[in-house]
Amino acid sequence: MTEIRGLVFDKDGTLFDFRATWGGWSRRMLEELAGGSADLAATLGAAIGYDLRDGSFAPDSPVIAHTAPEIAAYLLPHLPGADHAVLVARMNAMAAVTDLVAATPLVPLFEALTARGLRLGLATNDAEEPAHAHLKQADVARFFQFVSGFDSGHGAKPDPGPLLAFARSQGLAPENVAMVGDSRHDLVAGRAAGMRTVAVLTGVAEAEDLAPLADVVLPDIGHLPRWIDTQVMAET
């Protein structure tokens, strides 16, 4: 078994609890776009797989793993006269200031991972600017050697481009890297990149949805150090 020398993380649903963080963002965005119309807000919610009544996401909601332009495309048919680029910019601006709920205490976790000599990267289908803002807000930006959003020029998951860009930037072979994420998009990208894949259950997907694409399924990223220890033991 090959030594793990780098970890590339998804952001939403992985570093941050998906429902707790993006449920509030979705509600605020839909209500703002609807301009006070409850019917329009419900229609917009249905278009992106978000139920305003109970704050739940459908398993196939584009908010889970798609890019902001893709999410905006689902909304545009219900917003006559709206401009796609303006809508995307508005969504990104709201995303940059959303309230984040960490999936586990992040600073001690990343201190422990970097103390092991691991290189850390972020590959998100969010835009790069709010991704940097979220890492700074969570006080963990200093731990990341690489940050890629859908607009960073490396592609978007499930394309393996951003994962391979991280590996290249750190001088790592893909087999020495593990992709850590909460969605099938993350794991498909990891497999396509030739990396090990770690699924976490702090998103919307259930274990049975992720297990076929994952080398391991963990409750959250706080369990990574113990899992890495098991990999080291397996190599000795």
# chains A, B, ... in the order shown; residues from 1 in each chain; ligands from 1
$ select_by_dssp --residues "range 70-113 of chain A" --states "alpha helix (DSSP H)" --output "number ranges by chain"
A: 70-75, 84-96, 106-113
$ residues_around --residues "Leu79 in chain A" --least-positions-apart "3" --cutoff "12 Å" --atoms "only C-alpha atoms" --output "PyMOL selection string"
chain A and resi 30+33-35+40-41+43-44+47+72-76+82-84+87
$ closest_atom_pairs --of "range 57-131 of chain A" --to "range 1-25 of chain A" --cutoff "9 Å" --atoms "only C-alpha atoms" --output "tab-separated table"
residue	atom	partner	partner_atom	distance
A:Phe57	CA	A:Arg19	CA	7.8
A:Val63	CA	A:Trp22	CA	8.3
A:Ile64	CA	A:Asp12	CA	7.9
A:Ala65	CA	A:Asp12	CA	8.4
A:Met94	CA	A:Trp25	CA	7.4
A:Ala95	CA	A:Trp25	CA	7.0
A:Thr98	CA	A:Trp25	CA	6.2
A:Asp99	CA	A:Thr21	CA	6.2
A:Leu100	CA	A:Thr21	CA	5.2
A:Val101	CA	A:Phe16	CA	5.4
A:Ala102	CA	A:Phe16	CA	4.3
A:Ala103	CA	A:Asp17	CA	4.7
A:Thr104	CA	A:Leu15	CA	7.6
A:Leu106	CA	A:Leu15	CA	7.6
A:Arg116	CA	A:Arg5	CA	8.9
A:Gly117	CA	A:Arg5	CA	7.3
A:Leu118	CA	A:Gly6	CA	5.0
A:Arg119	CA	A:Gly6	CA	4.5
A:Leu120	CA	A:Leu7	CA	5.0
A:Gly121	CA	A:Val8	CA	4.4
A:Leu122	CA	A:Phe9	CA	4.8
A:Ala123	CA	A:Asp10	CA	5.3
A:Thr124	CA	A:Asp10	CA	5.3
A:Asn125	CA	A:Asp10	CA	8.3
A:Asp126	CA	A:Lys11	CA	8.3
A:Ala131	CA	A:Lys11	CA	7.8
$ residues_around --residues "Pro108 in chain A" --least-positions-apart "4" --cutoff "10 Å" --atoms "only C-alpha atoms" --output "PyMOL selection string"
chain A and resi 104+112-113+140+222
$ select_by_dssp --residues "range 26-153 of chain A" --states "strand (DSSP E)" --output "NGL selection string"
:A and (50-51 or 56-57 or 119-123 or 146-148)
$ residues_around --residues "Met195 in chain A" --least-positions-apart "2" --cutoff "6 Å" --atoms "only C-alpha atoms" --output "number ranges by chain"
A: 174-175, 177-178, 190-191, 193
$ residues_around --residues "range 141-155 of chain A" --least-positions-apart "4" --cutoff "9 Å" --atoms "only C-alpha atoms" --output "PyMOL selection string"
chain A and resi 8+67-68+107+110-111+114+119-137+159-166+169-170
$ write_last_selection --atoms "N, CA, C and O atoms" --output "compact mmCIF listing (two decimals), in the first residue's frame"
# COMPACT_ATOMS: atom_id res chain seq x y z
N VAL A 8 -6.57 15.98 -0.34
CA VAL A 8 -7.30 17.05 -1.01
C VAL A 8 -8.76 16.93 -0.59
O VAL A 8 -9.38 15.87 -0.72
N THR A 67 -21.69 23.56 -9.69
CA THR A 67 -21.11 24.90 -9.63
C THR A 67 -22.21 25.96 -9.57
O THR A 67 -23.37 25.69 -9.89
N ALA A 68 -21.82 27.18 -9.17
CA ALA A 68 -22.79 28.27 -9.12
C ALA A 68 -23.44 28.53 -10.47
O ALA A 68 -24.66 28.74 -10.53
N VAL A 107 -9.32 23.55 13.43
CA VAL A 107 -7.94 23.97 13.70
C VAL A 107 -7.12 22.84 14.31
O VAL A 107 -6.03 22.51 13.81
N PHE A 110 -6.39 20.12 11.58
CA PHE A 110 -5.40 20.46 10.56
C PHE A 110 -4.02 20.66 11.15
O PHE A 110 -3.01 20.42 10.48
N GLU A 111 -3.94 21.07 12.41
CA GLU A 111 -2.64 21.11 13.08
C GLU A 111 -2.07 19.69 13.18
O GLU A 111 -0.87 19.48 12.93
N THR A 114 -0.99 18.47 9.54
CA THR A 114 0.23 19.09 9.03
C THR A 114 1.44 18.68 9.85
O THR A 114 2.56 18.62 9.33
N ARG A 119 0.60 17.30 3.00
CA ARG A 119 0.25 18.48 2.21
C ARG A 119 -1.27 18.49 2.04
O ARG A 119 -1.87 17.46 1.77
N LEU A 120 -1.88 19.67 2.18
CA LEU A 120 -3.33 19.77 2.16
C LEU A 120 -3.80 20.68 1.03
O LEU A 120 -3.24 21.75 0.79
N GLY A 121 -4.84 20.24 0.34
CA GLY A 121 -5.43 21.03 -0.73
C GLY A 121 -6.94 21.05 -0.62
O GLY A 121 -7.54 20.22 0.08
N LEU A 122 -7.56 22.00 -1.30
CA LEU A 122 -9.01 22.12 -1.35
C LEU A 122 -9.44 22.15 -2.81
O LEU A 122 -8.90 22.92 -3.61
N ALA A 123 -10.39 21.30 -3.16
CA ALA A 123 -10.95 21.27 -4.51
C ALA A 123 -12.47 21.34 -4.37
O ALA A 123 -13.10 20.36 -3.98
N THR A 124 -13.04 22.49 -4.65
CA THR A 124 -14.46 22.72 -4.46
C THR A 124 -15.11 23.13 -5.77
O THR A 124 -14.46 23.74 -6.63
N ASN A 125 -16.38 22.83 -5.91
CA ASN A 125 -17.14 23.33 -7.06
C ASN A 125 -17.77 24.68 -6.78
O ASN A 125 -18.51 25.21 -7.59
N ASP A 126 -17.48 25.24 -5.61
CA ASP A 126 -17.78 26.63 -5.34
C ASP A 126 -16.76 27.47 -6.11
O ASP A 126 -15.78 26.94 -6.65
N ALA A 127 -16.96 28.79 -6.16
CA ALA A 127 -15.97 29.66 -6.79
C ALA A 127 -14.76 29.80 -5.86
O ALA A 127 -14.84 29.60 -4.65
N GLU A 128 -13.62 30.16 -6.44
CA GLU A 128 -12.39 30.24 -5.64
C GLU A 128 -12.45 31.36 -4.61
O GLU A 128 -12.00 31.18 -3.46
N GLU A 129 -13.02 32.51 -4.96
CA GLU A 129 -13.03 33.64 -4.03
C GLU A 129 -13.78 33.32 -2.73
O GLU A 129 -13.23 33.50 -1.64
N PRO A 130 -15.04 32.84 -2.79
CA PRO A 130 -15.69 32.46 -1.53
C PRO A 130 -15.00 31.30 -0.83
O PRO A 130 -15.04 31.22 0.40
N ALA A 131 -14.34 30.42 -1.57
CA ALA A 131 -13.61 29.32 -0.92
C ALA A 131 -12.51 29.88 -0.03
O ALA A 131 -12.34 29.45 1.12
N HIS A 132 -11.72 30.82 -0.55
CA HIS A 132 -10.69 31.46 0.28
C HIS A 132 -11.33 32.17 1.47
O HIS A 132 -10.80 32.10 2.59
N ALA A 133 -12.45 32.86 1.23
CA ALA A 133 -13.12 33.57 2.32
C ALA A 133 -13.57 32.61 3.41
O ALA A 133 -13.44 32.91 4.61
N HIS A 134 -14.08 31.46 3.02
CA HIS A 134 -14.55 30.49 4.02
C HIS A 134 -13.40 29.90 4.82
O HIS A 134 -13.52 29.71 6.04
N LEU A 135 -12.27 29.62 4.17
CA LEU A 135 -11.12 29.10 4.90
C LEU A 135 -10.59 30.13 5.89
O LEU A 135 -10.21 29.78 7.02
N LYS A 136 -10.57 31.39 5.48
CA LYS A 136 -10.13 32.44 6.40
C LYS A 136 -11.11 32.59 7.55
O LYS A 136 -10.71 32.75 8.72
N GLN A 137 -12.40 32.55 7.25
CA GLN A 137 -13.42 32.69 8.29
C GLN A 137 -13.30 31.57 9.33
O GLN A 137 -13.51 31.79 10.52
N ASP A 159 -14.78 15.94 -12.85
CA ASP A 159 -13.53 15.92 -13.61
C ASP A 159 -12.37 15.87 -12.62
O ASP A 159 -12.39 16.58 -11.61
N PRO A 160 -11.35 15.06 -12.86
CA PRO A 160 -10.24 14.96 -11.91
C PRO A 160 -9.25 16.11 -12.00
O PRO A 160 -8.29 16.15 -11.21
N GLY A 161 -9.47 17.06 -12.90
CA GLY A 161 -8.50 18.12 -13.13
C GLY A 161 -8.01 18.85 -11.89
O GLY A 161 -6.78 18.99 -11.69
N PRO A 162 -8.91 19.34 -11.03
CA PRO A 162 -8.42 20.07 -9.85
C PRO A 162 -7.63 19.19 -8.89
O PRO A 162 -6.71 19.66 -8.22
N LEU A 163 -7.97 17.91 -8.80
CA LEU A 163 -7.24 17.01 -7.92
C LEU A 163 -5.83 16.76 -8.44
O LEU A 163 -4.85 16.79 -7.69
N LEU A 164 -5.73 16.55 -9.75
CA LEU A 164 -4.42 16.33 -10.34
C LEU A 164 -3.57 17.60 -10.28
O LEU A 164 -2.35 17.53 -10.11
N ALA A 165 -4.22 18.77 -10.39
CA ALA A 165 -3.48 20.03 -10.27
C ALA A 165 -2.87 20.16 -8.87
O ALA A 165 -1.75 20.66 -8.71
N PHE A 166 -3.62 19.75 -7.85
CA PHE A 166 -3.08 19.76 -6.49
C PHE A 166 -1.86 18.86 -6.39
O PHE A 166 -0.81 19.27 -5.87
N SER A 169 1.09 20.40 -8.09
CA SER A 169 1.60 21.59 -7.40
C SER A 169 2.44 21.22 -6.19
O SER A 169 3.31 22.01 -5.77
N GLN A 170 2.20 20.05 -5.61
CA GLN A 170 2.95 19.63 -4.43
C GLN A 170 4.00 18.57 -4.73
O GLN A 170 4.65 18.05 -3.81
$ closest_residue --among "A:Asp220, A:Asp60, A:Asp139, A:Asp39" --to "Arg184 in chain A" --atoms "only C-alpha atoms"
A:Asp60
$ atom_distance --atom1 "CA of Thr202 in chain A" --atom2 "CA of Arg90 in chain A"
26.2 Å
$ atom_distance --atom1 "CA of Leu187 in chain A" --atom2 "CA of Val200 in chain A"
10.4 Å
